[in-house]
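K.L.:
The structure that follows is given in the form of structure tokens.
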2 protein chains.
Amino acid sequence: MTAIDGSNILAELRETLPENTLITDTGLMETYRTDRAMFCDAGMPLAVVRAQCTADVVAAMKVANKHGVPVVPQGARSGLSGGANAIDGCLVISLEAMDQIVRIDQANRYVVTQPGVLNAVLARAVAEHGLFYPPDPSSKEFCAIGGNLATNSGGLCCVKYGVTTDYVLGLEVVLASGEVLRTGRTTVKGVAGYDLARLFVGSEGTLGIITEATLRLRAAAERPKTLAATFADADDAARAVSAIVTSRVVPSLLEFMDRTTVQTVNDQFHLGFDSDIGAVILAQSDAGGIAGGAEIDSIATILREAGAVDVVLAETDQEADALLAARREVLTALETMGTTLIDDVCVPRDRLAELVAGIEKISANQRLTIGVVGHAGDGNFHPTVVFNSDDDDESARAYAAFDEIMMLGLELGGTITGEHGVGLLKRGPLTIEIGELGLQVHRDIKKALDPTGILNPGKIF
Amino acid sequence: MTAIDGSNILAELRETLPENTLITDTGLMETYRTDRAMFCDAGMPLAVVRAQCTADVVAAMKVANKHGVPVVPQGARSGLSGGANAIDGCLVISLEAMDQIVRIDQANRYVVTQPGVLNAVLARAVAEHGLFYPPDPSSKEFCAIGGNLATNSGGLCCVKYGVTTDYVLGLEVVLASGEVLRTGRTTVKGVAGYDLARLFVGSEGTLGIITEATLRLRAAAERPKTLAATFADADDAARAVSAIVTSRVVPSLLEFMDRTTVQTVNDQFHLGFDSDIGAVILAQSDAGGIAGGAEIDSIATILREAGAVDVVLAETDQEADALLAARREVLTALETMGTTLIDDVCVPRDRLAELVAGIEKISANQRLTIGVVGHAGDGNFHPTVVFNSDDDDESARAYAAFDEIMMLGLELGGTITGEHGVGLLKRGPLTIEIGELGLQVHRDIKKALDPTGILNPGKIF
């Protein structure tokens, strides 16, 4: 690549972009360097474009394309894999100011939204119309829809309602050339041509920049009924999960916390669990009314029969909210104990016991605390390594444990990432998972859509 | 392209493929020339490979790739768009003999299957294990899973359960090079790399040949409760559909038949509908038990309030089965009246009344019978033009009506194909729907995966 003339490019950007859209101040740019992933490289951008509309993205992309400048798209920078980290001399295109909900169509149950809208903001806006946007990452209050699309985010309700891609009807995407592709539809079904929308979903900004999305909605769910089941050990809890997922009941939430994570949030959220508890399962039914009552009772019965020490139904909304809040805050709570490395393996749901046992072994071998929390109903777990990052030896063991957990996930027939994405963090293990031919197909597709390789280069693969 | 030396290629195929796999007899090859689409060009293959296993597909593809011979993959040839039609001098690779269900995993609720398994055969096999594979095209007894994947088939249960792509976890695909790509996973979630599996789904054999699929299953649904609602005219029925799809109830089936189609099947299936009925809606709930009863009652109430003349619950399974059989046999019944051209538009669900009114206008202008039947809950309709194909003028008017219906679908914000695919039949209208840039992206992706263009060339675009 020939040397890039930064001043020339900045002059062109100033010419084509509205005032206040372009940030070149080093101090201001500092906050745009990274997402929430730890230990991933991050460079200093040449400039940050805070796009206000699709035309701004187009203008910035055309300049970048002309000069071969790498472009890093960013949403709310809440990612956990470094996928949004800046590259030295790149143009960061931030979508956070494109935060308008364009249209809520009640008759056809979809929403058209800009990418900068926060997940929870979108969910609340459609709820006002009696509608429901299910994908709910734990970070829902501070992650944006654009990032959810880029990583195909999951969340707590996936066990019943699926992940982000299951709600994508259509997309507007700015391609590497600066051209604007509209793909997909507003209808429920459609098979006219390739499913390009779902190719962009989960591509982590390496194939195009999503500037608008048409997302399918459901009728509002009923206020859920919530239960907590305690187990003597994680093995019993794992068997209980298998019993639920092979039953006729589909809970709207089925979460798992191991001893470490339960104890970490127990005091803070006044959960009142005994200190000798080995694992907790949280479950919900949002079927509502009599059906909901019957469903949560079925779940309770299955959990008891599978060996739960105790199953308690939340009697008030406050009690239920506290349980869920505790679950969502596990990562934050673990962070108070040290530096954390959060993993994201997903395994077949009957391998959970083996996963937990394997992680206990890794924890013992590496002499490190590893808290295991996750979306049990999906087999998607976030084993989180806690360590002292000032201690080089401990840090080395933490990285080793993190990698070992991924390899364990693969051995159990799973994947290295259930919902966080590959970003910078998991590029190595990705090759192991998808193989050389898989990687070659990725490269071929990337080249087809981004021939000069300017879109988020070095991410995923 | 340089002239292809057929005898040389046949010799190589004979050398690498097992005996009985290769068909070169012109009479035998005749049946492999077309799918069920009318009026689409079909050539004569150089040879047909009846693959018994992935290795056969690989061997055939390598020979084809070496010599630049076009390859046309075929399942059960039940398609309605000519996507599986042979090309002169091509190698047809038939997957119909790869008809084994490889594994049913009850604990993790998925099935691994070869592509030649018929849809209904797969559904019955998993049902024996208390499991449910929802996608159910009307052709389910004679269409294969491979074809379902190639066209991303829908069916009658989509309104509640989605389409084929929603059930795809992983695929084995033979690429144009003859290499075997395994993509996707057996876990519920996973975001390691691009969603290649869903790119192959719906690509109609133009990007690779699917030789194995891992498909998600659900717990068996309850025996459904069925109702039939009659309406004075299609407009009332359309409003009733809107009332259902904006309510809290999600029926497991919501089908529409207009006056023409009802009368066509009324006598044959002893349905006993009055001859002055303007439209019929069929609905089901598979919620089961008390919930199912409550759900079908809710649907009945909504339909009555929306202006149904009469709402009748099927009292016996036989009655329900007759209603559904009648619905599934509409096309066959229309075929007894003349040659048929079956369309497949999908519109936003609040535009149904406009679609039906527009089709009535087209029918009057072109002086042709057009029966409208479809998956009302998805907005996906199959307006079917009936005509005398011996009459050139009438045939011309039939083609014109067929095209006008697609354009009407697009005008109403819909798509030219909800579930049948583009094939040869809808290549022209596809460009109108996806635009020049969309088409260019399709070409770029096709070129990335099939650089010499041997995979089902001329299909889709």
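Ligands are numbered from 1 in the order shown, chains are lettered A, B, ... in the order of the structure tokens, and residues start at 1 in each chain.
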I'd like the neighbourhood of segment 402-406 of chain A as a ChimeraX atom specification, where a residue qualifies if any of its atoms comes within 6 Å (using only C-alpha atoms), though same-chain residues fewer than 3 positions away should be ignored.
P.N.:
/A:399,409,416
K.L.:
Which neighbours of segment 146-161 of chain B fall inside 7 Å, counting only C-alpha atoms, when residues of the same chain fewer than 2 positions from it are skipped, and could you give them as a PDB file with N, CA, C and O atoms, in the first residue's frame?
P.N.:
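Dumped everything to part-v3.pdb:
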```pdb
ATOM      1  N   VAL A 191     -38.180 -14.835  -1.208  1.00  0.00           N
ATOM      2  CA  VAL A 191     -37.017 -15.613  -1.640  1.00  0.00           C
ATOM      3  C   VAL A 191     -36.488 -15.109  -2.980  1.00  0.00           C
ATOM      4  O   VAL A 191     -35.942 -15.879  -3.768  1.00  0.00           O
TER       5      VAL A 191
ATOM      6  N   GLY B  75     -33.229 -32.025  -6.939  1.00  0.00           N
ATOM      7  CA  GLY B  75     -33.787 -32.819  -5.854  1.00  0.00           C
ATOM      8  C   GLY B  75     -34.906 -33.685  -6.406  1.00  0.00           C
ATOM      9  O   GLY B  75     -34.675 -34.529  -7.268  1.00  0.00           O
ATOM     10  N   PRO B 115     -29.926 -34.740   1.401  1.00  0.00           N
ATOM     11  CA  PRO B 115     -30.860 -33.836   0.728  1.00  0.00           C
ATOM     12  C   PRO B 115     -32.021 -34.526   0.015  1.00  0.00           C
ATOM     13  O   PRO B 115     -33.040 -33.888  -0.258  1.00  0.00           O
ATOM     14  N   GLY B 116     -31.875 -35.819  -0.278  1.00  0.00           N
ATOM     15  CA  GLY B 116     -32.914 -36.485  -1.064  1.00  0.00           C
ATOM     16  C   GLY B 116     -34.111 -36.958  -0.254  1.00  0.00           C
ATOM     17  O   GLY B 116     -35.076 -37.482  -0.821  1.00  0.00           O
ATOM     18  N   PRO B 134     -41.143 -28.134  11.304  1.00  0.00           N
ATOM     19  CA  PRO B 134     -42.310 -27.390  10.840  1.00  0.00           C
ATOM     20  C   PRO B 134     -42.443 -27.115   9.330  1.00  0.00           C
ATOM     21  O   PRO B 134     -43.548 -27.281   8.808  1.00  0.00           O
ATOM     22  N   PRO B 135     -41.403 -26.666   8.609  1.00  0.00           N
ATOM     23  CA  PRO B 135     -41.675 -26.225   7.228  1.00  0.00           C
ATOM     24  C   PRO B 135     -42.427 -27.280   6.418  1.00  0.00           C
ATOM     25  O   PRO B 135     -41.958 -28.415   6.280  1.00  0.00           O
ATOM     26  N   ASP B 136     -43.575 -26.922   5.883  1.00  0.00           N
ATOM     27  CA  ASP B 136     -44.500 -27.888   5.265  1.00  0.00           C
ATOM     28  C   ASP B 136     -45.089 -27.360   3.955  1.00  0.00           C
ATOM     29  O   ASP B 136     -46.265 -27.010   3.889  1.00  0.00           O
ATOM     30  N   PRO B 137     -44.277 -27.319   2.897  1.00  0.00           N
ATOM     31  CA  PRO B 137     -44.839 -26.906   1.603  1.00  0.00           C
ATOM     32  C   PRO B 137     -46.037 -27.788   1.253  1.00  0.00           C
ATOM     33  O   PRO B 137     -46.104 -28.939   1.695  1.00  0.00           O
ATOM     34  N   SER B 138     -46.949 -27.249   0.451  1.00  0.00           N
ATOM     35  CA  SER B 138     -48.103 -28.051   0.020  1.00  0.00           C
ATOM     36  C   SER B 138     -47.646 -29.327  -0.680  1.00  0.00           C
ATOM     37  O   SER B 138     -48.328 -30.337  -0.673  1.00  0.00           O
ATOM     38  N   CYS B 143     -41.762 -33.372  -2.339  1.00  0.00           N
ATOM     39  CA  CYS B 143     -40.610 -32.469  -2.491  1.00  0.00           C
ATOM     40  C   CYS B 143     -39.525 -32.895  -1.502  1.00  0.00           C
ATOM     41  O   CYS B 143     -39.817 -33.429  -0.436  1.00  0.00           O
ATOM     42  N   ALA B 144     -38.277 -32.679  -1.883  1.00  0.00           N
ATOM     43  CA  ALA B 144     -37.153 -33.144  -1.059  1.00  0.00           C
ATOM     44  C   ALA B 144     -36.566 -31.988  -0.249  1.00  0.00           C
ATOM     45  O   ALA B 144     -36.651 -30.823  -0.645  1.00  0.00           O
ATOM     46  N   VAL B 163     -39.867 -20.210   8.053  1.00  0.00           N
ATOM     47  CA  VAL B 163     -39.574 -20.934   6.821  1.00  0.00           C
ATOM     48  C   VAL B 163     -38.323 -21.806   6.984  1.00  0.00           C
ATOM     49  O   VAL B 163     -37.741 -21.876   8.059  1.00  0.00           O
ATOM     50  N   THR B 164     -37.923 -22.453   5.901  1.00  0.00           N
ATOM     51  CA  THR B 164     -36.826 -23.420   5.965  1.00  0.00           C
ATOM     52  C   THR B 164     -35.561 -22.845   6.603  1.00  0.00           C
ATOM     53  O   THR B 164     -34.958 -23.465   7.486  1.00  0.00           O
ATOM     54  N   THR B 165     -35.155 -21.657   6.175  1.00  0.00           N
ATOM     55  CA  THR B 165     -33.885 -21.094   6.669  1.00  0.00           C
ATOM     56  C   THR B 165     -33.872 -20.940   8.182  1.00  0.00           C
ATOM     57  O   THR B 165     -32.819 -21.000   8.816  1.00  0.00           O
ATOM     58  N   VAL B 201     -28.667 -21.331   1.519  1.00  0.00           N
ATOM     59  CA  VAL B 201     -30.120 -21.560   1.528  1.00  0.00           C
ATOM     60  C   VAL B 201     -30.787 -20.514   0.634  1.00  0.00           C
ATOM     61  O   VAL B 201     -30.531 -19.329   0.761  1.00  0.00           O
ATOM     62  N   GLY B 202     -31.603 -20.966  -0.284  1.00  0.00           N
ATOM     63  CA  GLY B 202     -32.300 -20.046  -1.186  1.00  0.00           C
ATOM     64  C   GLY B 202     -31.479 -19.646  -2.399  1.00  0.00           C
ATOM     65  O   GLY B 202     -31.937 -18.835  -3.204  1.00  0.00           O
ATOM     66  N   SER B 203     -30.274 -20.202  -2.562  1.00  0.00           N
ATOM     67  CA  SER B 203     -29.440 -19.804  -3.703  1.00  0.00           C
ATOM     68  C   SER B 203     -29.667 -20.702  -4.918  1.00  0.00           C
ATOM     69  O   SER B 203     -28.967 -20.584  -5.924  1.00  0.00           O
ATOM     70  N   GLU B 204     -30.640 -21.594  -4.832  1.00  0.00           N
ATOM     71  CA  GLU B 204     -31.123 -22.368  -5.977  1.00  0.00           C
ATOM     72  C   GLU B 204     -30.006 -23.075  -6.757  1.00  0.00           C
ATOM     73  O   GLU B 204     -30.012 -23.108  -7.988  1.00  0.00           O
ATOM     74  N   GLY B 205     -29.064 -23.608  -6.028  1.00  0.00           N
ATOM     75  CA  GLY B 205     -28.013 -24.403  -6.671  1.00  0.00           C
ATOM     76  C   GLY B 205     -26.994 -23.603  -7.447  1.00  0.00           C
ATOM     77  O   GLY B 205     -26.189 -24.172  -8.182  1.00  0.00           O
ATOM     78  N   ILE B 210     -25.800 -28.685  -1.845  1.00  0.00           N
ATOM     79  CA  ILE B 210     -25.978 -29.100  -0.451  1.00  0.00           C
ATOM     80  C   ILE B 210     -26.091 -30.620  -0.407  1.00  0.00           C
ATOM     81  O   ILE B 210     -26.982 -31.204  -1.028  1.00  0.00           O
ATOM     82  N   VAL B 250     -51.360 -15.981  17.695  1.00  0.00           N
ATOM     83  CA  VAL B 250     -50.628 -16.397  16.498  1.00  0.00           C
ATOM     84  C   VAL B 250     -51.143 -17.775  16.092  1.00  0.00           C
ATOM     85  O   VAL B 250     -50.783 -18.784  16.697  1.00  0.00           O
ATOM     86  N   PRO B 251     -52.024 -17.833  15.088  1.00  0.00           N
ATOM     87  CA  PRO B 251     -52.528 -19.145  14.661  1.00  0.00           C
ATOM     88  C   PRO B 251     -51.388 -19.980  14.080  1.00  0.00           C
ATOM     89  O   PRO B 251     -50.403 -19.422  13.597  1.00  0.00           O
ATOM     90  N   SER B 252     -51.527 -21.291  14.130  1.00  0.00           N
ATOM     91  CA  SER B 252     -50.483 -22.137  13.546  1.00  0.00           C
ATOM     92  C   SER B 252     -50.719 -22.342  12.056  1.00  0.00           C
ATOM     93  O   SER B 252     -49.888 -22.949  11.369  1.00  0.00           O
ATOM     94  N   LEU B 253     -51.832 -21.804  11.553  1.00  0.00           N
ATOM     95  CA  LEU B 253     -52.156 -21.858  10.120  1.00  0.00           C
ATOM     96  C   LEU B 253     -53.223 -20.802   9.872  1.00  0.00           C
ATOM     97  O   LEU B 253     -54.130 -20.626  10.690  1.00  0.00           O
ATOM     98  N   HIS B 375     -51.237 -18.226   1.736  1.00  0.00           N
ATOM     99  CA  HIS B 375     -50.898 -18.227   3.143  1.00  0.00           C
ATOM    100  C   HIS B 375     -51.169 -16.828   3.679  1.00  0.00           C
ATOM    101  O   HIS B 375     -50.263 -15.992   3.788  1.00  0.00           O
ATOM    102  N   GLY B 377     -51.738 -15.472   6.471  1.00  0.00           N
ATOM    103  CA  GLY B 377     -51.026 -14.980   7.646  1.00  0.00           C
ATOM    104  C   GLY B 377     -49.646 -14.439   7.330  1.00  0.00           C
ATOM    105  O   GLY B 377     -49.081 -13.656   8.099  1.00  0.00           O
ATOM    106  N   ASP B 378     -49.088 -14.824   6.209  1.00  0.00           N
ATOM    107  CA  ASP B 378     -47.785 -14.320   5.766  1.00  0.00           C
ATOM    108  C   ASP B 378     -47.914 -13.280   4.657  1.00  0.00           C
ATOM    109  O   ASP B 378     -46.905 -12.742   4.215  1.00  0.00           O
ATOM    110  N   GLU B 419     -42.012 -17.894  -1.831  1.00  0.00           N
ATOM    111  CA  GLU B 419     -41.475 -19.195  -1.431  1.00  0.00           C
ATOM    112  C   GLU B 419     -41.111 -20.130  -2.581  1.00  0.00           C
ATOM    113  O   GLU B 419     -40.521 -21.174  -2.344  1.00  0.00           O
ATOM    114  N   HIS B 420     -41.445 -19.780  -3.818  1.00  0.00           N
ATOM    115  CA  HIS B 420     -41.169 -20.705  -4.921  1.00  0.00           C
ATOM    116  C   HIS B 420     -39.788 -20.512  -5.540  1.00  0.00           C
ATOM    117  O   HIS B 420     -39.271 -21.414  -6.194  1.00  0.00           O
ATOM    118  N   GLY B 421     -39.221 -19.342  -5.360  1.00  0.00           N
ATOM    119  CA  GLY B 421     -37.919 -19.060  -5.946  1.00  0.00           C
ATOM    120  C   GLY B 421     -38.029 -18.413  -7.317  1.00  0.00           C
ATOM    121  O   GLY B 421     -39.120 -18.311  -7.906  1.00  0.00           O
TER     122      GLY B 421
END
```
K.L.:
Pick out the chain A residues within 7 Å of chain B. Count only C-alpha atoms. Give them as an MDAnalysis selection string.
P.N.:
chainID A and resid 107:108 152 181 186:195 198:199 202:203 219 246 248 291 346:350 378 414:419 421:422 430 437:438 444:445 448 460
K.L.:
Return the single residue from A:Met38, A:Ala84, A:Ala11, A:Leu171 that is closest to Leu341 of chain A, with distances computed using only C-alpha atoms.
P.N.:
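Under the stated criterion, the closest residue is A:Met38.
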K.L.:
As a VMD selection string, please: every residue in segment 153-380 of chain B that a backbone DSSP assignment puts in strand (DSSP E or B).
P.N.:
chain B and resid 168 to 174 180 to 184 209 to 216 218 to 219 225 to 231 253 to 258 279 to 285 310 to 313 339 to 342 345 to 346 369 to 371 373 to 375 380
K.L.:
Using only C-alpha atoms for the distances, tell me which of A:Ala37, A:Ala51, A:Leu95, A:Met44 is nearest to Leu22 of chain A.
P.N.:
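Going through A:Ala37, A:Ala51, A:Leu95, A:Met44 one by one, the smallest distance to Leu22 of chain A is for A:Ala51.
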K.L.:
Apply DSSP to the structure's backbone, then extract all residues of segment 223-346 of chain A labelled helix (DSSP H, G or I) and return them as a PyMOL selection string.
P.N.:
chain A and resi 234-245+259-266+289-305+317-328+330-335
K.L.:
Under the rule that only C-alpha atoms are counted, which of A:Ile454, A:Met29, A:Leu215, A:Leu169 is the nearest residue to Ile101 of chain A?
P.N.:
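Among A:Ile454, A:Met29, A:Leu215, A:Leu169, it is A:Leu215 that comes nearest to Ile101 of chain A.
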K.L.:
With distances taken over only C-alpha atoms, which residue among B:Ala322, B:Ala237, B:Ala229, B:Ala176 lies nearest Leu282 of chain B?
P.N.:
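Of the candidates, the smallest distance to Leu282 of chain B is held by B:Ala229.
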K.L.:
In Å to one decimal, how far is atom CA of Gly338 of chain A from atom CA of Asn388 of chain A?
P.N.:
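Atom-to-atom, atom CA of Asn388 of chain A and atom CA of Gly338 of chain A are spaced 5.7 Å apart.
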